[in-house]
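**Q** As input, take coords.cif (mmCIF, C-alpha atoms):
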data_input
#
loop_
_atom_site.label_atom_id
_atom_site.label_comp_id
_atom_site.auth_asym_id
_atom_site.auth_seq_id
_atom_site.Cartn_x
_atom_site.Cartn_y
_atom_site.Cartn_z
CA MET E 19 -29.60 30.74 -35.67
CA ALA E 20 -31.61 29.02 -32.94
CA GLY E 21 -29.44 25.99 -33.68
CA LYS E 22 -26.44 27.70 -32.18
CA GLN E 23 -28.27 28.39 -28.93
CA ARG E 24 -29.48 24.84 -28.73
CA TYR E 25 -25.94 23.56 -29.26
CA TYR E 26 -24.58 25.64 -26.39
CA ARG E 27 -27.40 24.63 -24.04
CA GLN E 28 -26.65 21.01 -24.82
CA ARG E 29 -22.96 21.43 -24.09
CA ILE E 30 -23.77 23.13 -20.79
CA ARG E 31 -26.04 20.26 -19.76
CA SER E 32 -23.50 17.57 -20.57
CA THR E 33 -20.70 19.45 -18.82
CA GLN E 34 -22.91 19.82 -15.77
CA ALA E 35 -23.48 16.08 -15.72
CA LEU E 36 -19.74 15.47 -15.93
CA LYS E 37 -19.11 17.98 -13.21
CA LYS E 38 -21.41 16.05 -10.89
CA ILE E 39 -19.41 12.88 -11.50
CA PHE E 40 -16.09 14.64 -10.88
CA ARG E 41 -17.40 16.22 -7.73
CA ALA E 42 -18.68 12.88 -6.42
CA MET E 43 -15.34 11.19 -7.15
CA GLU E 44 -13.50 14.00 -5.41
CA LEU E 45 -15.64 13.70 -2.29
CA MET E 46 -15.29 9.93 -2.25
CA ALA E 47 -11.52 10.11 -2.53
CA ALA E 48 -11.40 12.80 0.14
CA SER E 49 -13.40 10.71 2.58
CA ARG E 50 -11.37 7.57 1.95
CA ILE E 51 -7.96 9.13 2.13
CA ALA E 52 -8.14 9.66 5.88
CA LYS E 53 -8.77 5.96 6.32
CA ALA E 54 -5.97 5.04 3.93
CA ARG E 55 -3.51 7.24 5.79
CA ALA E 56 -4.67 5.79 9.09
CA SER E 57 -3.92 2.28 7.84
CA VAL E 58 -0.46 3.39 6.75
CA GLU E 59 0.03 4.59 10.32
CA ALA E 60 -1.52 1.48 11.85
CA ALA E 61 0.83 -0.84 9.96
CA GLY E 62 3.81 1.13 11.24
CA PRO E 63 4.35 -0.66 14.60
CA TYR E 64 4.35 -4.06 12.90
CA SER E 65 6.92 -3.17 10.26
CA ARG E 66 9.11 -1.37 12.82
CA ALA E 67 9.05 -4.38 15.13
CA ILE E 68 9.87 -6.77 12.32
CA THR E 69 12.68 -4.58 10.97
CA ARG E 70 14.17 -4.34 14.44
CA ALA E 71 14.05 -8.07 14.88
CA VAL E 72 15.65 -8.70 11.49
CA SER E 73 18.51 -6.35 12.23
CA ALA E 74 18.92 -7.96 15.66
CA VAL E 75 19.36 -11.37 14.08
CA ALA E 76 21.59 -9.93 11.39
CA ALA E 77 23.80 -8.29 13.99
CA HIS E 78 24.04 -11.53 15.90
CA ALA E 79 24.66 -14.14 13.28
CA ASP E 80 26.35 -14.24 9.93
CA VAL E 81 23.42 -13.89 7.65
CA ASP E 82 23.47 -16.47 4.96
CA HIS E 83 19.99 -17.22 3.81
CA PRO E 84 18.57 -18.01 0.37
CA LEU E 85 16.68 -14.71 0.47
CA THR E 86 19.81 -12.64 1.00
CA ARG E 87 22.03 -14.48 -1.46
CA GLU E 88 22.80 -12.97 -4.84
CA ARG E 89 21.83 -15.28 -7.63
CA PRO E 90 24.10 -14.53 -10.58
CA GLU E 91 23.28 -17.86 -12.21
CA THR E 92 19.94 -16.64 -13.52
CA ASN E 93 19.29 -13.64 -15.73
CA ARG E 94 15.59 -13.46 -14.99
CA THR E 95 14.24 -10.57 -12.96
CA ALA E 96 10.79 -10.04 -11.51
CA VAL E 97 9.25 -6.58 -11.55
CA LEU E 98 6.12 -5.76 -9.54
CA LEU E 99 4.13 -2.69 -10.59
CA VAL E 100 1.60 -1.30 -8.13
CA THR E 101 -1.13 0.68 -9.92
CA ALA E 102 -4.77 1.65 -9.45
CA ASP E 103 -7.91 -0.31 -10.25
CA ARG E 104 -9.71 2.75 -11.53
CA GLY E 105 -8.67 5.75 -13.53
CA MET E 106 -9.78 9.29 -12.71
CA ALA E 107 -6.57 9.77 -10.75
CA GLY E 108 -4.65 11.94 -13.17
CA ALA E 109 -1.26 10.57 -14.09
CA TYR E 110 -1.10 8.23 -11.09
CA SER E 111 -1.06 4.87 -12.88
CA ALA E 112 0.60 6.28 -15.98
CA SER E 113 3.63 7.50 -14.05
CA VAL E 114 4.06 4.15 -12.28
CA ILE E 115 3.89 2.39 -15.64
CA ARG E 116 6.33 4.90 -17.16
CA GLU E 117 8.76 4.37 -14.29
CA GLY E 118 8.32 0.62 -14.64
CA GLU E 119 8.98 0.73 -18.38
CA ARG E 120 12.18 2.66 -17.78
CA LEU E 121 13.30 0.06 -15.25
CA ILE E 122 12.43 -2.76 -17.64
CA ARG E 123 14.44 -1.07 -20.41
CA ASP E 124 17.45 -0.67 -18.12
CA LEU E 125 17.24 -4.27 -16.98
CA THR E 126 16.90 -5.52 -20.53
CA GLU E 127 19.99 -3.55 -21.51
CA GLN E 128 21.84 -5.32 -18.71
CA GLY E 129 20.87 -8.61 -20.32
CA GLN E 130 18.11 -9.42 -17.84
CA GLU E 131 14.94 -11.13 -18.87
CA VAL E 132 12.03 -9.42 -17.14
CA LYS E 133 9.04 -11.24 -15.70
CA LEU E 134 6.27 -8.79 -15.03
CA TYR E 135 3.89 -8.93 -12.07
CA VAL E 136 1.26 -6.20 -11.71
CA THR E 137 -1.47 -5.16 -9.32
CA GLY E 138 -4.38 -2.96 -10.36
CA ARG E 139 -6.66 -3.14 -13.36
CA ARG E 140 -5.03 -0.15 -15.05
CA ALA E 141 -1.73 -1.95 -15.51
CA VAL E 142 -3.48 -5.19 -16.47
CA SER E 143 -5.39 -3.48 -19.27
CA TYR E 144 -2.30 -1.54 -20.36
CA TYR E 145 -0.30 -4.71 -20.83
CA THR E 146 -3.02 -6.96 -22.22
CA PHE E 147 -3.82 -4.26 -24.81
CA ARG E 148 -0.18 -4.31 -25.86
CA ARG E 149 -0.19 -8.11 -25.83
CA ARG E 150 2.64 -8.27 -23.31
CA GLU E 151 2.81 -11.30 -21.14
CA LEU E 152 2.10 -10.95 -17.42
CA ALA E 153 3.58 -13.50 -15.03
CA GLY E 154 0.98 -12.62 -12.43
CA SER E 155 -1.66 -10.02 -11.69
CA TRP E 156 -3.88 -9.04 -8.78
CA THR E 157 -6.82 -6.66 -8.97
CA GLY E 158 -9.69 -5.34 -6.94
CA PHE E 159 -8.11 -3.93 -3.80
CA SER E 160 -5.98 -1.00 -4.85
CA ASP E 161 -7.59 1.57 -2.55
CA ALA E 162 -7.80 -0.67 0.55
CA PRO E 163 -5.23 -3.48 0.51
CA THR E 164 -5.47 -6.09 3.27
CA PRO E 165 -2.63 -8.08 4.84
CA GLU E 166 -4.08 -11.19 3.16
CA VAL E 167 -3.51 -9.87 -0.37
CA ALA E 168 -0.07 -8.69 0.61
CA ALA E 169 0.67 -12.18 1.93
CA GLU E 170 -0.58 -13.75 -1.28
CA ILE E 171 1.52 -11.45 -3.46
CA ALA E 172 4.56 -11.97 -1.26
CA SER E 173 4.27 -15.73 -1.32
CA THR E 174 3.93 -15.77 -5.12
CA LEU E 175 7.02 -13.60 -5.48
CA LEU E 176 9.01 -15.51 -2.88
CA ASP E 177 8.13 -18.76 -4.65
CA ALA E 178 9.39 -17.27 -7.91
CA PHE E 179 12.58 -16.17 -6.20
CA LEU E 180 13.26 -19.46 -4.46
CA THR E 181 12.50 -21.63 -7.48
CA ASP E 182 15.53 -23.22 -9.02
CA PRO E 183 16.91 -21.06 -11.87
CA SER E 184 16.67 -23.97 -14.29
CA GLU E 185 12.93 -24.11 -13.64
CA GLY E 186 12.28 -20.43 -14.27
CA GLY E 187 13.24 -18.94 -10.93
CA VAL E 188 14.09 -15.24 -10.86
CA GLY E 189 17.28 -13.72 -9.47
CA GLN E 190 16.00 -10.34 -8.40
CA LEU E 191 12.76 -8.61 -7.48
CA HIS E 192 12.10 -4.94 -8.07
CA VAL E 193 8.99 -3.15 -6.88
CA VAL E 194 7.65 0.03 -8.47
CA TYR E 195 5.10 1.81 -6.31
CA THR E 196 4.05 5.35 -5.49
CA HIS E 197 5.36 6.83 -2.30
CA PHE E 198 2.98 9.08 -0.40
CA VAL E 199 4.97 12.20 0.47
CA ASN E 200 2.03 14.40 1.35
CA MET E 201 -1.39 15.32 0.02
CA VAL E 202 0.04 17.16 -2.99
CA THR E 203 3.14 15.14 -3.77
CA GLN E 204 3.32 11.45 -4.55
CA THR E 205 6.42 10.13 -6.24
CA PRO E 206 6.88 6.81 -8.02
CA ARG E 207 9.69 4.79 -6.47
CA VAL E 208 11.72 1.81 -7.56
CA ILE E 209 12.92 -0.52 -4.81
CA ARG E 210 15.08 -3.60 -5.19
CA MET E 211 13.35 -5.94 -2.81
CA LEU E 212 15.19 -9.25 -3.32
CA PRO E 213 17.81 -10.39 -2.63
CA LEU E 214 17.43 -8.65 0.71
CA GLU E 215 20.16 -6.37 1.91
CA VAL E 216 19.85 -6.86 5.62
CA VAL E 217 22.54 -4.34 6.44
CA ASP E 218 20.46 -1.64 4.83
CA ALA E 219 17.29 -2.96 6.39
CA ALA E 220 17.83 -0.96 9.55
CA PRO E 221 15.62 1.99 8.68
CA GLU E 222 15.82 5.75 9.13
CA GLU E 223 15.28 5.57 12.87
CA GLN E 224 18.44 4.24 14.48
CA THR E 225 18.03 2.98 17.99
CA PRO E 226 20.35 4.86 20.32
CA GLU E 227 21.13 1.90 22.57
CA PRO E 228 23.10 -0.99 21.09
CA VAL E 229 21.12 -4.00 20.00
CA PRO E 230 21.25 -6.47 22.90
CA LEU E 231 22.55 -9.98 22.51
CA TYR E 232 19.46 -12.03 22.02
CA GLU E 233 18.83 -15.60 22.81
CA PHE E 234 17.11 -17.36 20.00
CA GLU E 235 14.32 -19.83 20.36
CA PRO E 236 14.74 -22.45 18.88
CA SER E 237 17.90 -21.21 17.03
CA ALA E 238 19.18 -18.19 15.14
CA ASP E 239 18.83 -19.90 11.77
CA VAL E 240 15.28 -21.00 12.38
CA VAL E 241 14.33 -17.55 13.61
CA LEU E 242 15.85 -15.99 10.50
CA ASP E 243 14.07 -18.52 8.32
CA ALA E 244 10.76 -17.49 9.79
CA LEU E 245 11.49 -13.78 9.97
CA LEU E 246 12.66 -12.98 6.47
CA PRO E 247 9.51 -14.06 4.59
CA GLN E 248 7.45 -12.12 7.12
CA TYR E 249 9.69 -9.15 6.59
CA VAL E 250 9.13 -9.31 2.83
CA ARG E 251 5.41 -9.64 3.40
CA SER E 252 5.30 -6.64 5.66
CA ARG E 253 7.32 -4.54 3.22
CA ILE E 254 4.99 -5.43 0.38
CA HIS E 255 1.98 -4.63 2.55
CA ALA E 256 3.57 -1.28 3.37
CA PHE E 257 4.11 -0.59 -0.34
CA LEU E 258 0.50 -1.39 -1.11
CA LEU E 259 -0.74 0.89 1.67
CA GLN E 260 1.49 3.72 0.50
CA ALA E 261 0.23 3.23 -3.03
CA ALA E 262 -3.39 3.26 -1.85
CA ALA E 263 -2.94 6.55 -0.02
CA SER E 264 -1.15 8.01 -3.04
CA GLU E 265 -3.87 6.83 -5.38
CA LEU E 266 -6.61 8.47 -3.36
CA ALA E 267 -4.66 11.69 -2.98
CA ALA E 268 -3.94 11.77 -6.71
CA ARG E 269 -7.59 11.10 -7.47
CA GLN E 270 -8.81 13.80 -5.16
CA GLN E 271 -6.47 16.29 -6.75
CA ALA E 272 -7.27 15.27 -10.31
CA MET E 273 -10.99 15.38 -9.67
CA HIS E 274 -10.71 18.76 -7.99
CA THR E 275 -9.01 20.14 -11.09
CA ALA E 276 -11.57 18.47 -13.32
CA THR E 277 -14.45 19.98 -11.36
CA GLN E 278 -12.95 23.45 -11.68
CA ASN E 279 -12.32 22.92 -15.34
CA ALA E 280 -15.94 21.88 -15.82
CA GLU E 281 -17.07 25.05 -14.04
CA ASP E 282 -14.90 27.15 -16.37
CA LEU E 283 -16.36 25.43 -19.40
CA ILE E 284 -19.90 25.95 -18.15
CA ARG E 285 -19.20 29.63 -17.59
CA ASN E 286 -17.80 29.99 -21.10
CA PHE E 287 -20.67 28.17 -22.71
CA THR E 288 -23.21 30.23 -20.77
CA ARG E 289 -21.60 33.40 -22.10
CA LEU E 290 -21.62 32.06 -25.64
CA ALA E 291 -25.24 30.98 -25.31
CA ASN E 292 -26.26 34.41 -24.02
CA GLN E 293 -24.41 36.05 -26.86
CA ALA E 294 -26.15 33.81 -29.35
CA ARG E 295 -29.54 34.63 -27.84
CA GLN E 296 -28.75 38.34 -27.86
CA SER E 297 -27.71 38.37 -31.48
CA GLU E 298 -30.78 36.37 -32.41
CA ILE E 299 -33.01 38.96 -30.74
CA THR E 300 -31.13 41.81 -32.38
CA GLN E 301 -31.54 40.21 -35.75
CA GLU E 302 -35.26 39.60 -35.23
CA ILE E 303 -35.79 43.22 -34.22
CA SER E 304 -33.89 44.53 -37.19
CA GLU E 305 -35.92 42.24 -39.45
CA ILE E 306 -39.19 43.50 -37.96
CA VAL E 307 -38.08 47.14 -38.15
CA SER E 308 -36.91 46.84 -41.71
CA GLY E 309 -40.16 45.05 -42.59
CA ALA E 310 -42.23 47.84 -41.03
CA ASP E 311 -40.07 50.45 -42.80
CA ALA E 312 -40.69 48.74 -46.10
CA LEU E 313 -44.48 48.80 -45.50
CA ALA E 314 -44.48 52.44 -44.36
CA SER E 315 -42.57 53.82 -47.29
CA MET S 18 10.39 -5.77 40.30
CA ALA S 19 9.68 -3.69 37.24
CA ASP S 20 6.74 -4.46 35.01
CA LEU S 21 6.77 -5.70 31.49
CA GLU S 22 5.87 -3.29 28.74
CA VAL S 23 3.85 -5.32 26.31
CA ASP S 24 3.00 -4.55 22.70
CA VAL S 25 0.97 -6.89 20.58
CA VAL S 26 1.01 -5.84 16.94
CA ALA S 27 -0.78 -7.44 14.01
CA ALA S 28 0.03 -6.76 10.38
CA ASP S 29 -2.49 -3.93 10.08
CA ARG S 30 -2.74 -2.44 13.56
CA ARG S 31 -1.63 -2.49 17.17
CA VAL S 32 -3.84 -4.91 19.06
CA TRP S 33 -2.89 -4.47 22.70
CA ARG S 34 -0.50 -2.33 24.65
CA GLY S 35 0.09 -1.91 28.32
CA ALA S 36 1.98 -2.93 31.41
CA ALA S 37 1.85 -6.54 32.51
CA ARG S 38 3.17 -8.90 35.16
CA MET S 39 3.48 -11.93 32.94
CA VAL S 40 3.14 -12.96 29.33
CA SER S 41 2.87 -16.50 28.10
CA ALA S 42 3.12 -17.34 24.45
CA PRO S 43 3.13 -20.46 22.26
CA ALA S 44 6.74 -20.70 21.12
CA ALA S 45 7.68 -23.08 18.36
CA ASP S 46 8.74 -25.85 20.75
CA GLY S 47 6.43 -25.34 23.69
CA ASP S 48 4.79 -22.51 25.61
CA ILE S 49 7.10 -20.00 27.21
CA GLY S 50 6.35 -17.61 30.04
CA ILE S 51 8.00 -14.23 30.30
CA LEU S 52 8.45 -12.51 33.65
CA PRO S 53 10.15 -9.19 34.31
CA GLY S 54 13.92 -9.47 34.10
CA HIS S 55 13.89 -12.05 31.34
CA THR S 56 17.01 -12.27 29.21
CA PRO S 57 16.73 -10.78 25.69
CA LEU S 58 14.98 -13.31 23.53
CA LEU S 59 13.72 -13.73 20.01
CA ALA S 60 11.33 -16.63 19.70
CA ILE S 61 9.22 -17.96 16.87
CA LEU S 62 5.56 -18.38 17.72
CA LYS S 63 3.17 -20.92 16.32
CA ALA S 64 -0.59 -20.48 16.20
CA GLY S 65 -2.15 -20.50 19.64
CA ASP S 66 -3.12 -18.29 22.57
CA VAL S 67 -1.04 -15.47 24.01
CA ARG S 68 -1.99 -14.82 27.64
CA ILE S 69 -1.17 -11.54 29.29
CA GLN S 70 -1.51 -10.93 33.03
CA ALA S 71 -2.07 -7.19 32.92
CA ASN S 72 -0.92 -4.97 35.72
CA ASP S 73 -4.42 -3.96 36.72
CA GLY S 74 -5.24 -7.59 37.45
CA ALA S 75 -7.05 -8.23 34.20
CA SER S 76 -6.09 -11.26 32.16
CA VAL S 77 -6.11 -10.91 28.38
CA THR S 78 -6.10 -13.83 26.01
CA LEU S 79 -5.41 -13.30 22.35
CA ARG S 80 -5.62 -15.93 19.66
CA VAL S 81 -2.72 -15.47 17.29
CA ASP S 82 -1.33 -17.18 14.23
CA GLU S 83 2.36 -17.49 13.36
CA GLY S 84 4.68 -14.69 14.27
CA PHE S 85 7.44 -14.01 16.69
CA LEU S 86 8.11 -12.54 20.07
CA SER S 87 10.96 -10.38 21.21
CA VAL S 88 11.99 -9.55 24.76
CA ASP S 89 14.40 -6.72 25.36
CA GLU S 90 14.89 -5.10 28.77
CA ASP S 91 11.36 -5.86 29.92
CA ARG S 92 9.88 -4.72 26.63
CA VAL S 93 7.90 -7.57 25.14
CA THR S 94 6.79 -7.28 21.54
CA VAL S 95 4.51 -9.92 20.09
CA VAL S 96 4.43 -9.62 16.32
CA VAL S 97 1.87 -11.71 14.46
CA GLN S 98 -0.10 -11.67 11.24
CA THR S 99 -3.45 -11.59 13.00
CA ALA S 100 -4.54 -11.47 16.62
CA VAL S 101 -8.10 -11.67 17.88
CA GLU S 102 -9.71 -12.02 21.25
CA PRO S 103 -11.52 -15.37 21.20
CA SER S 104 -14.41 -13.88 23.15
CA GLY S 105 -15.04 -11.99 19.93
CA ASP S 106 -15.83 -8.54 21.29
CA ALA S 107 -15.57 -5.33 19.30
CA ARG S 108 -11.80 -5.44 19.28
CA GLY S 109 -11.75 -8.79 17.55
CA GLY S 110 -11.30 -9.17 13.84
CA ARG S 111 -9.73 -6.58 11.62
CA ALA S 112 -9.93 -2.86 11.98
CA ARG S 113 -11.68 -1.62 8.89
#
Just give me the structure of the file as structure tokens.
**A**
Amino acid sequence: MAGKQRYYRQRIRSTQALKKIFRAMELMAASRIAKARASVEAAGPYSRAITRAVSAVAAHADVDHPLTRERPETNRTAVLLVTADRGMAGAYSASVIREGERLIRDLTEQGQEVKLYVTGRRAVSYYTFRRRELAGSWTGFSDAPTPEVAAEIASTLLDAFLTDPSEGGVGQLHVVYTHFVNMVTQTPRVIRMLPLEVVDAAPEEQTPEPVPLYEFEPSADVVLDALLPQYVRSRIHAFLLQAAASELAARQQAMHTATQNAEDLIRNFTRLANQARQSEITQEISEIVSGADALAS
Amino acid sequence: MADLEVDVVAADRRVWRGAARMVSAPAADGDIGILPGHTPLLAILKAGDVRIQANDGASVTLRVDEGFLSVDEDRVTVVVQTAVEPSGDARGGRAR
């Protein structure tokens, strides 16, 4: 009988310990998310300036650059998945991986051979557990990506894209990341990054005045050569920042739910423990009373 | 003559913004100076110093690495991976 009480007390203690962890994770995510959103904002001027410049060059010259050219001669495709380094973020990494798997299936059906690049320990462990080969992986920065990591990722992917097809070069690059819509909604997105479609590169905000006729220093081709890799780099950095903000928001939400769930469990177990104690007392009393009755009669 | 509106943006933040009389930057084949009324220009920058003669008389020097510069109706945008003030005050380095 006392065993039941002890069992409930134990469950309450362990749930309380878990609740503390959840609560701490929630507070950590909440304090970091402001910073993550600020860095999304802070990277805005750079990517706007670069997009504007790219569309200026594109408007001026006929764009024919290795990065914008379709490469039908290779059937290899690179896919970059952006996931978290840590769990405790609900379905955040799982939904990116699910979206990525769907993309990989579609590409395979189209006869493409997929080379997989991932960021974040969650995806690395997912794929190494399933013994799937990774062409490249980066970990350790998922909640605060720096321009340096973005540059490193971009240069690896650009190298893969510009390599000759006969030596294992890829013909396309898709990126799967999580777009930060707001604090409650983050949606996984699939973007075809390479070959670049410069016409579409002009973003949501159209400039009202026509793009002026620029002079190029030293020449339009050289400027384009230098701009496009930087453009790719800045887009990848933007994806990583979006993903970081989404990860923290998802974690905060998941941990908030977990904390509440732990509270519910504790409440339930407390009730059960009280009930067990009550019935134990009742039984003891009835034993004593019946014992006394037996002596009296 | 009108002033230049100058924006210096690095990959992760805006580094400097303000009105200026002159900007000089290390273009790929030699330093170029931009004064108000310059024709629209897109130039590749190599690593070096960008010097800005601000409107209030101050002179700002920023050490930059590769990037580019665009001039468009007296709006000058310097876009680089990183930009720091060599004097190394609080604005230098990366915003964390």
**Q** Kindly provide the residues of chain E that approach chain S to within 6 Å, each paired with its closest atom pair and their distance in Å to one decimal, based on only C-alpha atoms, listed by chain and increasing number, as a tab-separated table.
**A**
residue	atom	partner	partner_atom	distance
E:Ala60	CA	S:Arg30	CA	4.4
E:Ala61	CA	S:Asp29	CA	4.5
E:Tyr64	CA	S:Val26	CA	5.5
E:Tyr232	CA	S:Pro57	CA	4.7
E:Glu233	CA	S:Leu58	CA	4.5
E:Phe234	CA	S:Leu59	CA	5.0
E:Glu235	CA	S:Ala60	CA	4.4
**Q** What residues come out when you apply the PyMOL selection byres ((chain S and resi 80-82) around 6) to this file, written as a VMD selection string?
**A** chain S and resid 64 to 66 79 83 99 to 102
**Q** Could you check the closest approach to Lys22 of chain E for each of E:Asn292, E:Thr277, E:Ser252, E:Thr300 and tell me which residue wins, using all atoms listed in the file?
**A**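 Looking only at the distances to Lys22 of chain E, the closest residue turns out to be E:Asn292.
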**Q** Just how far from atom CA of Arg34 of chain S is atom CA of Val241 of chain E, in Å to one decimal?
**A**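 According to the coordinates, atom CA of Val241 of chain E and atom CA of Arg34 of chain S are separated by 23.9 Å.
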**Q** Please identify all polymer residues within 12 Å of Leu45 of chain E, counting all atoms listed in the file, omitting same-chain residues fewer than 5 positions from it, and present them as a PyMOL selection string.
**A** chain E and resi 38-40+50-52+266-267+269-274+277
**Q** Please provide as JSON, numbers by chain all residues within 12 Å of Arg285 of chain E, with the sequence filter that same-chain residues fewer than 6 positions apart are discarded (counting only C-alpha atoms).
**A** {"E": [26, 27, 29, 30, 31, 33, 34, 278, 279, 291, 292]}
**Q** Do you know which residues are at most 7 Å from Ile254 of chain E counting all atoms listed in the file, after dropping those on the same chain fewer than 3 positions away, and could you put them as JSON, numbers by chain?
**A** {"E": [168, 172, 250, 251, 257, 258]}
**Q** Which residues match the PyMOL selection byres ((chain E and resi 110-114) around 7) in the file above, as a list in words?
**A** Thr101, Ala102, Ala107, Gly108, Ala109, Ile115, Arg116, Glu117, Gly118, Arg140, Val194, Tyr195, Thr196, Pro206, Glu265 and Ala268 of chain E
**Q** What would the file look like if the residues just selected were written as a PDB file, keeping the file's coordinate frame with C-alpha atoms?
**A**
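See selection_10.pdb below for the written result:
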ATOM      1  CA  THR E 101      -1.130   0.680  -9.920  1.00  0.00           C
ATOM      2  CA  ALA E 102      -4.770   1.650  -9.450  1.00  0.00           C
ATOM      3  CA  ALA E 107      -6.570   9.770 -10.750  1.00  0.00           C
ATOM      4  CA  GLY E 108      -4.650  11.940 -13.170  1.00  0.00           C
ATOM      5  CA  ALA E 109      -1.260  10.570 -14.090  1.00  0.00           C
ATOM      6  CA  ILE E 115       3.890   2.390 -15.640  1.00  0.00           C
ATOM      7  CA  ARG E 116       6.330   4.900 -17.160  1.00  0.00           C
ATOM      8  CA  GLU E 117       8.760   4.370 -14.290  1.00  0.00           C
ATOM      9  CA  GLY E 118       8.320   0.620 -14.640  1.00  0.00           C
ATOM     10  CA  ARG E 140      -5.030  -0.150 -15.050  1.00  0.00           C
ATOM     11  CA  VAL E 194       7.650   0.030  -8.470  1.00  0.00           C
ATOM     12  CA  TYR E 195       5.100   1.810  -6.310  1.00  0.00           C
ATOM     13  CA  THR E 196       4.050   5.350  -5.490  1.00  0.00           C
ATOM     14  CA  PRO E 206       6.880   6.810  -8.020  1.00  0.00           C
ATOM     15  CA  GLU E 265      -3.870   6.830  -5.380  1.00  0.00           C
ATOM     16  CA  ALA E 268      -3.940  11.770  -6.710  1.00  0.00           C
TER      17      ALA E 268
END
**Q** Place a sphere of radius 10 Å on (18.0, -6.7, -9.9) in the file coordinates and name every protein, DNA or RNA residue with an atom inside or on its surface, counting all atoms listed in the file; give the answer as a ChimeraX atom specification.
**A** /E:88-90,93-97,121,125,128,130,132,188-192,209-213
**Q** Using C-alpha atoms, can you export the residues from the last selection as an mmCIF file, keeping the file's coordinate frame?
**A**
data_model
loop_
_atom_site.group_PDB
_atom_site.id
_atom_site.type_symbol
_atom_site.label_atom_id
_atom_site.label_comp_id
_atom_site.auth_asym_id
_atom_site.auth_seq_id
_atom_site.Cartn_x
_atom_site.Cartn_y
_atom_site.Cartn_z
ATOM 1 C CA GLU E 88 22.800 -12.970 -4.840
ATOM 2 C CA ARG E 89 21.830 -15.280 -7.630
ATOM 3 C CA PRO E 90 24.100 -14.530 -10.580
ATOM 4 C CA ASN E 93 19.290 -13.640 -15.730
ATOM 5 C CA ARG E 94 15.590 -13.460 -14.990
ATOM 6 C CA THR E 95 14.240 -10.570 -12.960
ATOM 7 C CA ALA E 96 10.790 -10.040 -11.510
ATOM 8 C CA VAL E 97 9.250 -6.580 -11.550
ATOM 9 C CA LEU E 121 13.300 0.060 -15.250
ATOM 10 C CA LEU E 125 17.240 -4.270 -16.980
ATOM 11 C CA GLN E 128 21.840 -5.320 -18.710
ATOM 12 C CA GLN E 130 18.110 -9.420 -17.840
ATOM 13 C CA VAL E 132 12.030 -9.420 -17.140
ATOM 14 C CA VAL E 188 14.090 -15.240 -10.860
ATOM 15 C CA GLY E 189 17.280 -13.720 -9.470
ATOM 16 C CA GLN E 190 16.000 -10.340 -8.400
ATOM 17 C CA LEU E 191 12.760 -8.610 -7.480
ATOM 18 C CA HIS E 192 12.100 -4.940 -8.070
ATOM 19 C CA ILE E 209 12.920 -0.520 -4.810
ATOM 20 C CA ARG E 210 15.080 -3.600 -5.190
ATOM 21 C CA MET E 211 13.350 -5.940 -2.810
ATOM 22 C CA LEU E 212 15.190 -9.250 -3.320
ATOM 23 C CA PRO E 213 17.810 -10.390 -2.630
#
**Q** Could you work out how far atom CA of Val75 of chain E lies from atom CA of Leu214 of chain E, giving the answer in Å with one decimal?
**A**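 Between these atoms lies a distance of 13.8 Å.
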**Q** Can you tell me, as lines of an AutoDock Vina configuration file, the centre and edge lengths (Å, one decimal) of the axis-aligned box enclosing all of segment 182-189 of chain E's listed atoms after padding each side by 5 Å?
**A**
center_x = 14.8
center_y = -18.9
center_z = -11.7
size_x = 15.0
size_y = 20.4
size_z = 15.3
**Q** Separation of atom CA of Gly138 of chain E and atom CA of Glu215 of chain E, in Å?
**A** 27.6 Å
**Q** Tell me which of E:Val240, E:Ser304, E:Ala71, E:Thr157 sits closest to Val93 of chain S, counting all atoms listed in the file.
**A** E:Ala71
**Q** Can you pull out every residue within 9 Å of Gly154 of chain E, counting all atoms listed in the file, but drop anything in the same chain fewer than 4 positions away, and send it as number ranges by chain?
**A** E: 133-137, 174
**Q** I'd like to see the residues matched by the PyMOL selection byres ((chain S and resi 52) around 8) on this file, and ideally I'd get them as a PDB file with C-alpha atoms, keeping the file's coordinate frame.
**A**
ATOM      1  CA  LEU S  21       6.770  -5.700  31.490  1.00  0.00           C
ATOM      2  CA  ARG S  38       3.170  -8.900  35.160  1.00  0.00           C
ATOM      3  CA  MET S  39       3.480 -11.930  32.940  1.00  0.00           C
ATOM      4  CA  VAL S  40       3.140 -12.960  29.330  1.00  0.00           C
ATOM      5  CA  GLY S  50       6.350 -17.610  30.040  1.00  0.00           C
ATOM      6  CA  ILE S  51       8.000 -14.230  30.300  1.00  0.00           C
ATOM      7  CA  PRO S  53      10.150  -9.190  34.310  1.00  0.00           C
ATOM      8  CA  GLY S  54      13.920  -9.470  34.100  1.00  0.00           C
ATOM      9  CA  HIS S  55      13.890 -12.050  31.340  1.00  0.00           C
TER      10      HIS S  55
END
**Q** Nearest residue to Met46 of chain E out of E:Asp124, E:Leu245, E:Met106, E:Leu176, using only C-alpha atoms?
**A**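 Closest candidate: E:Met106.
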**Q** Taking all atoms listed in the file into account, which of E:Ala244, E:Met201, E:Val307, E:Val167 comes nearest Ser155 of chain E?
**A** E:Val167
